[in-house]
$ cat my_file_16.cif   # mmCIF, C-alpha atoms
data_coords
loop_
_atom_site.group_PDB
_atom_site.id
_atom_site.type_symbol
_atom_site.label_atom_id
_atom_site.label_comp_id
_atom_site.auth_asym_id
_atom_site.auth_seq_id
_atom_site.Cartn_x
_atom_site.Cartn_y
_atom_site.Cartn_z
ATOM 1 C CA MET A 41 118.643 82.379 95.477
ATOM 2 C CA GLU A 42 119.091 79.809 92.750
ATOM 3 C CA ASN A 43 120.863 76.569 93.554
ATOM 4 C CA LEU A 44 124.328 75.635 92.332
ATOM 5 C CA ASP A 45 123.094 73.263 89.603
ATOM 6 C CA ASP A 46 120.857 75.949 88.082
ATOM 7 C CA LEU A 47 123.677 78.490 88.132
ATOM 8 C CA ARG A 48 126.070 76.024 86.527
ATOM 9 C CA GLU A 49 123.506 75.188 83.858
ATOM 10 C CA SER A 50 123.321 78.924 83.042
ATOM 11 C CA ILE A 51 127.119 79.059 82.783
ATOM 12 C CA ASP A 52 127.189 76.014 80.494
ATOM 13 C CA LYS A 53 124.600 77.611 78.207
ATOM 14 C CA ILE A 54 126.607 80.834 78.067
ATOM 15 C CA ASP A 55 129.753 78.832 77.265
ATOM 16 C CA ARG A 56 128.005 77.078 74.393
ATOM 17 C CA ALA A 57 126.928 80.470 73.016
ATOM 18 C CA LEU A 58 130.451 81.891 73.487
ATOM 19 C CA ILE A 59 131.975 79.025 71.518
ATOM 20 C CA LEU A 60 129.411 79.300 68.728
ATOM 21 C CA LEU A 61 130.199 83.013 68.474
ATOM 22 C CA LEU A 62 133.939 82.351 68.479
ATOM 23 C CA ALA A 63 133.468 79.791 65.702
ATOM 24 C CA GLU A 64 131.533 82.402 63.719
ATOM 25 C CA ARG A 65 134.291 84.950 64.401
ATOM 26 C CA PHE A 66 136.914 82.573 62.968
ATOM 27 C CA ARG A 67 134.742 81.967 59.901
ATOM 28 C CA VAL A 68 134.672 85.718 59.252
ATOM 29 C CA THR A 69 138.399 86.153 59.912
ATOM 30 C CA GLN A 70 139.089 83.339 57.420
ATOM 31 C CA GLN A 71 137.210 85.472 54.857
ATOM 32 C CA VAL A 72 139.408 88.405 55.905
ATOM 33 C CA GLY A 73 142.478 86.191 55.404
ATOM 34 C CA ARG A 74 141.327 85.262 51.914
ATOM 35 C CA TYR A 75 140.593 88.923 51.088
ATOM 36 C CA LYS A 76 144.051 89.928 52.334
ATOM 37 C CA TRP A 77 145.708 87.249 50.225
ATOM 38 C CA GLN A 78 143.762 88.278 47.111
ATOM 39 C CA HIS A 79 144.710 91.927 47.612
ATOM 40 C CA GLY A 80 148.308 91.334 48.659
ATOM 41 C CA LEU A 81 147.726 92.728 52.157
ATOM 42 C CA PRO A 82 149.878 91.646 55.119
ATOM 43 C CA ALA A 83 148.471 89.216 57.718
ATOM 44 C CA VAL A 84 148.916 91.761 60.526
ATOM 45 C CA ASP A 85 147.409 95.269 60.498
ATOM 46 C CA GLU A 86 148.741 97.055 63.565
ATOM 47 C CA ALA A 87 146.513 100.137 63.183
ATOM 48 C CA ARG A 88 143.380 97.955 63.027
ATOM 49 C CA GLU A 89 144.625 95.942 65.999
ATOM 50 C CA GLN A 90 145.161 99.050 68.084
ATOM 51 C CA THR A 91 141.667 100.337 67.245
ATOM 52 C CA GLN A 92 140.241 96.942 68.196
ATOM 53 C CA PHE A 93 142.031 96.835 71.547
ATOM 54 C CA GLU A 94 140.919 100.368 72.455
ATOM 55 C CA ARG A 95 137.328 99.472 71.618
ATOM 56 C CA LEU A 96 137.554 96.165 73.501
ATOM 57 C CA GLY A 97 138.834 97.985 76.577
ATOM 58 C CA ARG A 98 135.855 100.365 76.447
ATOM 59 C CA LEU A 99 133.385 97.487 75.976
ATOM 60 C CA ALA A 100 134.989 95.620 78.883
ATOM 61 C CA GLN A 101 134.595 98.599 81.190
ATOM 62 C CA GLU A 102 130.995 99.141 80.100
ATOM 63 C CA GLY A 103 130.295 95.481 80.929
ATOM 64 C CA GLY A 104 132.026 95.710 84.315
ATOM 65 C CA LEU A 105 134.771 93.332 83.150
ATOM 66 C CA ASN A 106 138.470 93.548 83.939
ATOM 67 C CA PRO A 107 139.987 95.098 80.764
ATOM 68 C CA GLU A 108 143.275 93.279 81.435
ATOM 69 C CA LEU A 109 141.464 89.949 81.147
ATOM 70 C CA ILE A 110 139.858 91.011 77.866
ATOM 71 C CA TYR A 111 143.235 92.121 76.481
ATOM 72 C CA LYS A 112 144.777 88.749 77.376
ATOM 73 C CA LEU A 113 141.873 86.816 75.832
ATOM 74 C CA TYR A 114 142.002 88.826 72.620
ATOM 75 C CA ARG A 115 145.774 88.608 72.393
ATOM 76 C CA LEU A 116 145.339 84.817 72.206
ATOM 77 C CA ILE A 117 142.431 85.063 69.737
ATOM 78 C CA ILE A 118 144.182 87.535 67.429
ATOM 79 C CA ASP A 119 147.469 85.597 67.512
ATOM 80 C CA GLU A 120 145.513 82.530 66.369
ATOM 81 C CA VAL A 121 143.842 84.586 63.613
ATOM 82 C CA VAL A 122 147.237 85.801 62.369
ATOM 83 C CA GLU A 123 148.590 82.244 62.449
ATOM 84 C CA ASN A 124 145.565 81.149 60.385
ATOM 85 C CA HIS A 125 146.147 83.997 57.907
ATOM 86 C CA LEU A 126 149.790 82.979 57.454
ATOM 87 C CA GLU A 127 148.803 79.323 57.036
ATOM 88 C CA LEU A 128 146.162 80.315 54.445
ATOM 89 C CA GLN A 129 148.724 82.447 52.570
ATOM 90 C CA ARG A 130 151.178 79.537 52.494
ATOM 91 C CA ARG A 131 148.451 77.200 51.257
ATOM 92 C CA LEU A 132 147.081 79.543 48.562
ATOM 93 C CA SER A 133 150.571 80.476 47.345
ATOM 94 C CA GLN A 134 151.615 76.890 46.607
ATOM 95 C CA MET B 93 133.018 88.525 48.172
ATOM 96 C CA GLU B 94 132.387 91.105 50.847
ATOM 97 C CA ASN B 95 134.830 93.948 51.272
ATOM 98 C CA LEU B 96 137.190 94.334 54.192
ATOM 99 C CA ASP B 97 135.125 97.026 55.953
ATOM 100 C CA ASP B 98 131.998 94.844 55.926
ATOM 101 C CA LEU B 99 133.922 91.852 57.262
ATOM 102 C CA ARG B 100 135.477 93.953 60.023
ATOM 103 C CA GLU B 101 132.065 95.337 60.936
ATOM 104 C CA SER B 102 130.837 91.743 61.359
ATOM 105 C CA ILE B 103 133.835 90.970 63.577
ATOM 106 C CA ASP B 104 133.190 94.066 65.709
ATOM 107 C CA LYS B 105 129.542 93.051 66.175
ATOM 108 C CA ILE B 106 130.588 89.544 67.200
ATOM 109 C CA ASP B 107 133.113 91.014 69.666
ATOM 110 C CA ARG B 108 130.416 93.182 71.230
ATOM 111 C CA ALA B 109 128.225 90.098 71.659
ATOM 112 C CA LEU B 110 131.155 88.083 73.070
ATOM 113 C CA ILE B 111 131.857 90.733 75.687
ATOM 114 C CA LEU B 112 128.191 91.041 76.667
ATOM 115 C CA LEU B 113 128.082 87.266 77.118
ATOM 116 C CA LEU B 114 131.294 87.276 79.129
ATOM 117 C CA ALA B 115 129.860 90.011 81.358
ATOM 118 C CA GLU B 116 126.748 87.878 81.884
ATOM 119 C CA ARG B 117 128.970 84.860 82.640
ATOM 120 C CA PHE B 118 130.791 86.816 85.374
ATOM 121 C CA ARG B 119 127.460 87.948 86.838
ATOM 122 C CA VAL B 120 126.411 84.304 87.160
ATOM 123 C CA THR B 121 129.780 83.202 88.567
ATOM 124 C CA GLN B 122 129.495 85.973 91.177
ATOM 125 C CA GLN B 123 126.225 84.321 92.226
ATOM 126 C CA VAL B 124 128.094 81.008 92.377
ATOM 127 C CA GLY B 125 130.749 82.665 94.541
ATOM 128 C CA ARG B 126 128.091 83.949 96.929
ATOM 129 C CA TYR B 127 126.423 80.533 97.044
ATOM 130 C CA LYS B 128 129.768 78.867 97.795
ATOM 131 C CA TRP B 129 130.491 81.324 100.584
ATOM 132 C CA GLN B 130 127.040 80.801 102.126
ATOM 133 C CA HIS B 131 127.472 77.017 102.026
ATOM 134 C CA GLY B 132 131.108 76.934 103.094
ATOM 135 C CA LEU B 133 132.239 75.493 99.752
ATOM 136 C CA PRO B 134 135.790 76.040 98.449
ATOM 137 C CA ALA B 135 136.440 78.538 95.631
ATOM 138 C CA VAL B 136 137.854 75.817 93.360
ATOM 139 C CA ASP B 137 135.984 72.629 92.408
ATOM 140 C CA GLU B 138 138.416 70.491 90.438
ATOM 141 C CA ALA B 139 135.833 67.870 89.427
ATOM 142 C CA ARG B 140 133.537 70.560 87.995
ATOM 143 C CA GLU B 141 136.490 72.184 86.243
ATOM 144 C CA GLN B 142 137.514 68.932 84.603
ATOM 145 C CA THR B 143 133.950 68.300 83.393
ATOM 146 C CA GLN B 144 133.865 71.848 82.011
ATOM 147 C CA PHE B 145 137.153 71.469 80.123
ATOM 148 C CA GLU B 146 136.106 68.142 78.599
ATOM 149 C CA ARG B 147 132.847 69.682 77.431
ATOM 150 C CA LEU B 148 134.596 72.814 76.132
ATOM 151 C CA GLY B 149 136.984 70.632 74.111
ATOM 152 C CA ARG B 150 134.040 68.820 72.526
ATOM 153 C CA LEU B 151 132.233 72.095 71.751
ATOM 154 C CA ALA B 152 135.435 73.522 70.236
ATOM 155 C CA GLN B 153 135.826 70.540 67.929
ATOM 156 C CA GLU B 154 132.162 70.683 66.911
ATOM 157 C CA GLY B 155 132.652 74.351 66.010
ATOM 158 C CA GLY B 156 135.855 73.675 64.072
ATOM 159 C CA LEU B 157 137.922 75.591 66.640
ATOM 160 C CA ASN B 158 141.374 74.699 67.928
ATOM 161 C CA PRO B 159 140.673 73.078 71.338
ATOM 162 C CA GLU B 160 144.076 74.273 72.624
ATOM 163 C CA LEU B 161 142.986 77.879 72.063
ATOM 164 C CA ILE B 162 139.725 77.267 73.921
ATOM 165 C CA TYR B 163 141.598 75.658 76.830
ATOM 166 C CA LYS B 164 143.918 78.678 77.071
ATOM 167 C CA LEU B 165 141.022 81.157 76.923
ATOM 168 C CA TYR B 166 139.072 79.322 79.616
ATOM 169 C CA ARG B 167 142.133 78.883 81.825
ATOM 170 C CA LEU B 168 142.300 82.706 81.931
ATOM 171 C CA ILE B 169 138.536 83.092 82.463
ATOM 172 C CA ILE B 170 138.338 80.478 85.223
ATOM 173 C CA ASP B 171 141.443 81.805 86.993
ATOM 174 C CA GLU B 172 139.730 85.218 87.074
ATOM 175 C CA VAL B 173 136.532 83.619 88.412
ATOM 176 C CA VAL B 174 138.478 81.895 91.211
ATOM 177 C CA GLU B 175 140.257 85.155 92.037
ATOM 178 C CA ASN B 176 136.830 86.857 92.231
ATOM 179 C CA HIS B 177 135.505 84.069 94.491
ATOM 180 C CA LEU B 178 138.463 84.477 96.873
ATOM 181 C CA GLU B 179 138.038 88.263 96.881
ATOM 182 C CA LEU B 180 134.313 87.853 97.619
ATOM 183 C CA GLN B 181 135.061 85.421 100.455
ATOM 184 C CA ARG B 182 137.552 87.864 101.977
ATOM 185 C CA ARG B 183 135.049 90.692 101.681
ATOM 186 C CA LEU B 184 132.079 88.746 103.103
ATOM 187 C CA SER B 185 134.161 87.299 105.958
ATOM 188 C CA GLN B 186 135.207 90.702 107.300
#

$ encode --input "my_file_16.cif" --output "structure tokens"
Amino acid sequence: MENLDDLRESIDKIDRALILLLAERFRVTQQVGRYKWQHGLPAVDEAREQTQFERLGRLAQEGGLNPELIYKLYRLIIDEVVENHLELQRRLSQ
Amino acid sequence: MENLDDLRESIDKIDRALILLLAERFRVTQQVGRYKWQHGLPAVDEAREQTQFERLGRLAQEGGLNPELIYKLYRLIIDEVVENHLELQRRLSQ
């Protein structure tokens, strides 16, 4: 049995990795936003979103995670992505 | 400029990695929950939580992420952790 400090150090390392990955995810979605602007595509793609959520639910279950938690987390992430896309479109259209 | 399919494939790979990391995070927090139960510690540690949120805000800013988004994501994650701790305590106390 590890002690509490060791366990918390593991959690902190995982959190650092999670945030680095999220930062990378937002870098890629900014490229998506730019692509969408260049090709006149809307900021939201409901079919893609639905496919993503179905896949995320499967991945959550495979990982023993509560799918409802994953849906809530990704709702926040994807809403922020869409907000960024709209902001980018406003900026590039000026 | 990469095409949309390539960018979305990158996002899907990042999401897989994010969910694997989250699953690992919940495995470690389950160990924390067990430790807390064995040592009669409460499920919530407000001082630890505050330290975590301050650190998460710094990491978010370093990664160019919106700290408010990170706070919202971690509020959901930590609420789920606490719920799991309470559930574990109920189960182990029976």

$ resolve_selection --input "my_file_16.cif" --expression "the PyMOL selection byres ((chain B) within 6 of (chain A))" --output "compact mmCIF listing (two decimals) with C-alpha atoms, in the frame of the given file"
# COMPACT_ATOMS: atom_id res chain seq x y z
CA ALA B 115 129.86 90.01 81.36
CA GLY B 155 132.65 74.35 66.01
CA LEU B 165 141.02 81.16 76.92

$ resolve_selection --input "my_file_16.cif" --expression "the PyMOL selection byres ((chain B and resi 177) around 8)" --output "list in words"
Gln122, Gly125, Arg126, Ala135, Val173, Val174, Glu175, Asn176, Leu178, Glu179, Leu180 and Gln181 of chain B

$ axis_aligned_box --input "my_file_16.cif" --around "region 144-160 of chain B" --padding-each-side "4 Å" --output "lines of an AutoDock Vina configuration file"
center_x = 138.1
center_y = 71.9
center_z = 73.0
size_x = 19.9
size_y = 15.4
size_z = 25.9

$ atom_distance --input "my_file_16.cif" --atom1 "CA of Trp129 (chain B)" --atom2 "CA of Ser185 (chain B)"
8.8 Å

$ atom_distance --input "my_file_16.cif" --atom1 "CA of Phe145 (chain B)" --atom2 "CA of Tyr163 (chain B)"
6.9 Å

$ atom_distance --input "my_file_16.cif" --atom1 "CA of Ile118 (chain A)" --atom2 "CA of Glu49 (chain A)"
29.2 Å
